[in-house]
Amino acid sequence: DSLAADTTTTATCGYCSTGCGLRLHIKDGEAIGLTPETNYPVNLGMACPKGWEALRVLDSDERATTPLLRDSGGKLQPISWELAFETFVQKVRDVQAKHGPDSVAFLSTGQIPCEEMAFLGALARFAMGIRHGDGNTRQCMATAVSAYKESFGFDAPPFTYDDFEQSDCLVFIGANPCIGHPIMWERVLRNRNNPEIIVIDPRRTETAMASTQHLQLRPKSDLALLYAITNWLIENDHVDHEFVHSHTRGFDELREHVAKFDLGTVSKSCGVSEESIVRAARSIGTGKAVSLWWTMGVNQSYEGTRTAQAIINIALITGNIGKPGTGANSITGQCNAMGSRLWSSTTNLFGHHRFESEADRIKVAEALNMDVDCIPSQGSWKYDRIIEGVRRGEIKALWVIATNPAHSWIDQSDVCSLLGKLDFLAVQDMYHTTETARLADLVLPSAGWGEKEGTFINSERRYGLLKKVRRAPGQALADFQILKGIAHYWGAAEQFAEWTDPEAVFRIMQRASRDQPCDITGIDGYAEIDQCGGIQWPWTEHDAQATSRPPQQRRLFADGRFFHDDGKARLIVDDITPMPEPTSSEYPVMLLTGRGTVSQWHTQTRTRQSPVLKMLYPQEAYIEINPVDADQWEIDHGDLVIIESRRGRIQANANVTATVRRGQAFMPMHYEITNQITLSHFDPHSGQPSYKDCAVRITRS
Ligand code: SF4
């Protein structure tokens, strides 16, 4: 088909935060095929199976093609957009009138473009009086945000993908880029420095198998291990004293704290030999360009923020930041997790300002041409508090946009019963078949990737362009158009008169970003993003005047100046938190959850629509069990087993494999049942759920 295309264009992929460029092959205005873009600085001509199949999932029979309203018999029935908008607005107003404005909340996503995030947050919070709203980024990146803000003074991942190729020592903590971020892993494979690759992970993941050192520690012992490594680095004087003195604060407290983490004690508690810890520490201490990378193994933890900061501490004290091949680098999950962090006006105000600051509210109001009185002085409740609000009867209506909490939220059965208690549940999604949409009172059908415009921000802070290369099916509308419709029916059209199309909103975002660390005032519109292969923030007017074209790769902190007022980064430490649900004689196995294969994505809302992707992973849920445990429990490979926790009981096929240690098991998060047994507990600083530690027992079915 691609040979028949009459033109091509490039757009950023809409799955993961790598942000690959895809070349769309277009005939008569419609994309008929795609290939990875060879001339894009992110992926250099590569794509993973999800990217290759990005168009296929748009053609599914499960697409929501018309608004649906639940009738008195409990069935979802097609209705017109007029009735859908009227119903939505009336229901929200009714609930607010009866229970107060704070009784309506929204849950959004890291999957829609920045401009739609910006519109949603502004409409809900500055026009509709909805105080509480959060995104599913709370489930993936909130920990990194909290850690960076406290340590650097701003949520600022410092790296660029070139660092994968420039390091001579790469440390992956709770990260499995081989399958989670496969194109980033391809960048590692292009590294010509014969690098040391250290993986810190309780599971022998694909990345661990490809490493030069695997520290297969006990689940949730990572903070102690990182402190022991820090202690060894200090004791053996692998410290960049000049950098520490000039650019950080808190070194004495750090040294005193980590001195408590002696090798012998930590080795026993982590289940990693002293020699292995020292070998890893020495590789870090002697490396010329050391980069440390983390994802959900760190973020989805009840002490995730402090663990992320322990990683940041190591980069700071060894001076591994701001230079090629270095950094304390959080890899984001979703294609626009960072856009959600910067623009959704949930717990942070538009452009990562502070709701609590009057000066910030005035600045944002001016950028938006809105009355400052419409901007609240408090941020939203976090996701977990919103769910708790539903339980307590404080939240009576929920508006869910492009996310699937009935599958993905921790302790899923509890969440599903809570969603059933709502007076009104509206779900805005591409598919009417998600677990959450099936519970909805009203479904608003939305266009997906490839059917609308906007920008995504990838893990290395790069704005990439999303393009409309397909018509959305039936009556489905871009979320942008749905938000415009709601604004109109709410009576707020005038307030959003300037928000005519995504690029107009991008210009508003640029105004609001001025003088922030994420300043993008220098970008000359969508056309320049397109021509440059994406543009990393910051790119200020001043930058643009000094250099005509943004360089393809830039990292932060090259001058050693951080975003705290004194310009110094903070070295932050804390005590170890006991595991909330340790194993016991009744529940002797620690269950880990995570990404299963390269072909699955989150709750499979999209990936299960592709026959090709479905062929690349098991359709039935499976659980990895250590061979010695399996032998003891008389379980054979392929047997159906029962997995029970204090929350519930599920069944899956046994995958007997040495990827997990004895007393541990692993289940992919993509199956509908996995979160029926996970334990509802959170990192206290970020509010991120801790998905990777719940005690279970496993028996043959
Ligand atoms: Fe898309 Fe991520 Fe795959 Fe790249 S690695 S093609 S961004 S899903």
# chains A, B, ... in the order shown; residues from 1 in each chain; ligands from 1
$ select_by_dssp --residues "range 264-453 of chain A" --states "alpha helix (DSSP H)" --output "JSON, numbers by chain"
{"A": [264, 265, 266, 267, 268, 269, 270, 274, 275, 276, 277, 278, 279, 280, 281, 282, 283, 284, 285, 286, 296, 297, 298, 299, 304, 305, 306, 307, 308, 309, 310, 311, 312, 313, 314, 315, 316, 317, 337, 338, 339, 340, 341, 342, 343, 358, 359, 360, 361, 362, 363, 364, 365, 366, 367, 368, 383, 384, 385, 386, 387, 388, 389, 390, 391, 405, 406, 407, 408, 412, 413, 414, 415, 416, 417, 418, 419]}
$ residues_near_ligand --ligand "ligand 1" --cutoff "6 Å" --atoms "only C-alpha atoms and all ligand atoms" --output "list in words"
Cys13, Tyr15, Cys16, Ser17, Thr18, Gly19, Cys20, Ala47, Cys48, Lys50, Gly51, His181, Pro182 and Ile183 of chain A
$ write_last_selection --atoms "N, CA and C atoms" --output "PDB file, in the first residue's frame"
ATOM      1  N   CYS A  13       5.148   9.142  17.796  1.00  0.00           N
ATOM      2  CA  CYS A  13       4.364   7.986  18.224  1.00  0.00           C
ATOM      3  C   CYS A  13       3.577   8.313  19.496  1.00  0.00           C
ATOM      4  N   TYR A  15       2.432   6.060  21.954  1.00  0.00           N
ATOM      5  CA  TYR A  15       2.407   5.091  23.060  1.00  0.00           C
ATOM      6  C   TYR A  15       3.346   5.545  24.172  1.00  0.00           C
ATOM      7  N   CYS A  16       4.622   5.199  24.040  1.00  0.00           N
ATOM      8  CA  CYS A  16       5.493   5.392  25.202  1.00  0.00           C
ATOM      9  C   CYS A  16       6.250   6.710  25.106  1.00  0.00           C
ATOM     10  N   SER A  17       6.965   7.002  26.186  1.00  0.00           N
ATOM     11  CA  SER A  17       7.612   8.305  26.324  1.00  0.00           C
ATOM     12  C   SER A  17       8.885   8.430  25.518  1.00  0.00           C
ATOM     13  N   THR A  18       9.267   7.384  24.788  1.00  0.00           N
ATOM     14  CA  THR A  18      10.452   7.518  23.940  1.00  0.00           C
ATOM     15  C   THR A  18      10.212   8.618  22.914  1.00  0.00           C
ATOM     16  N   GLY A  19       8.994   8.643  22.366  1.00  0.00           N
ATOM     17  CA  GLY A  19       8.662   9.707  21.418  1.00  0.00           C
ATOM     18  C   GLY A  19       9.294   9.521  20.063  1.00  0.00           C
ATOM     19  N   CYS A  20       9.225   8.293  19.531  1.00  0.00           N
ATOM     20  CA  CYS A  20       9.822   8.023  18.219  1.00  0.00           C
ATOM     21  C   CYS A  20       9.101   8.802  17.119  1.00  0.00           C
ATOM     22  N   ALA A  47      11.638   1.486  15.254  1.00  0.00           N
ATOM     23  CA  ALA A  47      10.367   1.548  15.992  1.00  0.00           C
ATOM     24  C   ALA A  47      10.112   0.170  16.585  1.00  0.00           C
ATOM     25  N   CYS A  48       9.355   0.140  17.664  1.00  0.00           N
ATOM     26  CA  CYS A  48       9.000  -1.149  18.272  1.00  0.00           C
ATOM     27  C   CYS A  48       7.672  -1.619  17.672  1.00  0.00           C
ATOM     28  N   LYS A  50       4.712  -1.830  18.747  1.00  0.00           N
ATOM     29  CA  LYS A  50       3.547  -0.972  19.019  1.00  0.00           C
ATOM     30  C   LYS A  50       3.506   0.189  18.039  1.00  0.00           C
ATOM     31  N   GLY A  51       4.666   0.775  17.784  1.00  0.00           N
ATOM     32  CA  GLY A  51       4.728   1.878  16.831  1.00  0.00           C
ATOM     33  C   GLY A  51       4.356   1.430  15.428  1.00  0.00           C
ATOM     34  N   HIS A 181      11.203   0.208  27.095  1.00  0.00           N
ATOM     35  CA  HIS A 181      11.585   1.322  26.218  1.00  0.00           C
ATOM     36  C   HIS A 181      12.608   0.800  25.210  1.00  0.00           C
ATOM     37  N   PRO A 182      12.143  -0.060  24.302  1.00  0.00           N
ATOM     38  CA  PRO A 182      13.097  -0.810  23.467  1.00  0.00           C
ATOM     39  C   PRO A 182      13.972   0.054  22.573  1.00  0.00           C
ATOM     40  N   ILE A 183      13.471   1.195  22.151  1.00  0.00           N
ATOM     41  CA  ILE A 183      14.312   2.035  21.277  1.00  0.00           C
ATOM     42  C   ILE A 183      15.379   2.741  22.110  1.00  0.00           C
TER      43      ILE A 183
END
$ closest_residue --among "A:Leu483, A:Ala652, A:Ala289, A:Ala64" --to "His432 in chain A" --atoms "only C-alpha atoms"
A:Ala64
$ residues_around --residues "range 118-129 of chain A" --least-positions-apart "4" --cutoff "7 Å" --atoms "only C-alpha atoms" --output "list in words"
Pro101, Cys114, Trp343, Ser344, Ser345, Thr346, Cys374, Ile375, Leu483, Ala487 and Ala492 of chain A
$ residues_around --residues "range 363-372 of chain A" --least-positions-apart "4" --cutoff "7 Å" --atoms "only C-alpha atoms" --output "tab-separated table (two decimals) with C-alpha atoms, in the first residue's frame"
chain	number	residue	atom	x	y	z
A	350	PHE	CA	-0.47	25.71	34.21
A	359	ALA	CA	2.25	36.12	41.79
A	495	GLN	CA	-13.67	32.60	28.33
A	508	ILE	CA	-0.94	30.45	25.16
A	511	ARG	CA	3.23	32.83	27.07
A	512	ALA	CA	2.66	31.06	30.38
$ residues_around --residues "Gly379 in chain A" --least-positions-apart "4" --cutoff "9 Å" --atoms "only C-alpha atoms" --output "number ranges by chain"
A: 131-133, 345-349, 354-356
$ write_last_selection --atoms "N, CA and C atoms" --output "short mmCIF file (atom, residue, chain, number, x, y, z; two decimals), in the first residue's frame"
data_model
loop_
_atom_site.label_atom_id
_atom_site.label_comp_id
_atom_site.auth_asym_id
_atom_site.auth_seq_id
_atom_site.Cartn_x
_atom_site.Cartn_y
_atom_site.Cartn_z
N ARG A 131 -12.72 21.42 41.55
CA ARG A 131 -11.48 21.66 42.27
C ARG A 131 -10.51 20.48 42.15
N HIS A 132 -11.06 19.27 42.09
CA HIS A 132 -10.19 18.11 42.16
C HIS A 132 -10.10 17.37 40.82
N GLY A 133 -8.88 17.16 40.38
CA GLY A 133 -8.64 16.40 39.16
C GLY A 133 -7.18 15.96 39.16
N SER A 345 -2.81 21.50 35.06
CA SER A 345 -3.41 22.33 36.14
C SER A 345 -4.16 21.47 37.16
N THR A 346 -3.54 20.39 37.59
CA THR A 346 -4.16 19.57 38.64
C THR A 346 -3.50 19.90 39.98
N THR A 347 -2.40 19.21 40.30
CA THR A 347 -1.72 19.59 41.55
C THR A 347 -0.74 20.75 41.32
N ASN A 348 -0.33 20.97 40.06
CA ASN A 348 0.45 22.16 39.72
C ASN A 348 -0.39 23.04 38.81
N LEU A 349 -0.10 24.33 38.85
CA LEU A 349 -0.81 25.29 38.00
C LEU A 349 -0.11 25.39 36.64
N ARG A 354 2.66 27.54 40.77
CA ARG A 354 2.08 27.12 42.05
C ARG A 354 0.73 27.80 42.26
N PHE A 355 -0.27 27.00 42.53
CA PHE A 355 -1.58 27.56 42.85
C PHE A 355 -1.49 28.48 44.06
N GLU A 356 -0.63 28.12 45.01
CA GLU A 356 -0.57 28.83 46.29
C GLU A 356 0.05 30.22 46.15
#
$ closest_residue --among "A:Pro177, A:Pro67, A:Pro611, A:Gly29" --to "Ala437 in chain A" --atoms "only C-alpha atoms"
A:Pro67
$ closest_atom_pairs --of "range 449-511 of chain A" --to "range 326-337 of chain A" --cutoff "9 Å" --atoms "only C-alpha atoms" --output "Markdown table"
| residue | atom | partner | partner_atom | distance |
| --- | --- | --- | --- | --- |
| A:Thr455 | CA | A:Asn336 | CA | 8.3 |
| A:Phe456 | CA | A:Asn336 | CA | 4.9 |
| A:Ile457 | CA | A:Asn336 | CA | 5.3 |
| A:Asn458 | CA | A:Cys335 | CA | 6.1 |
| A:Ser459 | CA | A:Thr332 | CA | 5.3 |
| A:Glu460 | CA | A:Ile331 | CA | 8.1 |
$ residues_around --residues "Gln166 in chain A" --least-positions-apart "6" --cutoff "7 Å" --atoms "only C-alpha atoms" --output "PyMOL selection string"
chain A and resi 191+324-325
$ residues_around --residues "range 406-411 of chain A" --least-positions-apart "4" --cutoff "9 Å" --atoms "only C-alpha atoms" --output "PyMOL selection string"
chain A and resi 136+139+415-416+419+434-437+439+602-603+647-648+669-681+689-691
$ atom_distance --atom1 "CA of Ala472 in chain A" --atom2 "CA of Gly485 in chain A"
16.7 Å
$ atom_distance --atom1 "CA of Thr605 in chain A" --atom2 "CA of Val57 in chain A"
9.4 Å
$ closest_atom_pairs --of "range 575-601 of chain A" --to "range 217-227 of chain A" --cutoff "10 Å" --atoms "only C-alpha atoms" --output "tab-separated table"
residue	atom	partner	partner_atom	distance
A:Asp575	CA	A:Ala224	CA	9.2
A:Ile576	CA	A:Ala224	CA	7.1
A:Thr577	CA	A:Leu223	CA	9.4
A:Pro578	CA	A:Lys220	CA	9.3
A:Met579	CA	A:Lys220	CA	7.5
A:Met590	CA	A:Pro219	CA	7.9
A:Leu591	CA	A:Pro219	CA	9.2
A:Leu592	CA	A:Pro219	CA	8.0
$ atom_distance --atom1 "CA of Gly560 in chain A" --atom2 "CA of Phe243 in chain A"
7.9 Å
$ closest_residue --among "A:Phe106, A:Asp574, A:His25, A:Thr659" --to "Gly304 in chain A" --atoms "only C-alpha atoms"
A:Asp574
$ closest_residue --among "A:Glu624, A:Glu82, A:Glu453, A:Glu494" --to "Ile643 in chain A" --atoms "only C-alpha atoms"
A:Glu624
$ closest_residue --among "A:Gly322, A:Pro78, A:Gly594, A:Gly21" --to "Gly533 in chain A" --atoms "only C-alpha atoms"
A:Gly21
$ select_by_dssp --residues "range 27-153 of chain A" --states "strand (DSSP E)" --output "list of chain:residue names"
A:Lys27, A:Glu30, A:Ala31, A:Ile32, A:Gly33, A:Leu34, A:Thr35, A:Pro36, A:Leu68, A:Leu69, A:Arg70, A:Leu76, A:Gln77, A:Pro78, A:Val104, A:Ala105, A:Phe106, A:Leu107, A:Ser108, A:His132, A:Gly133, A:Asp134, A:Gly135
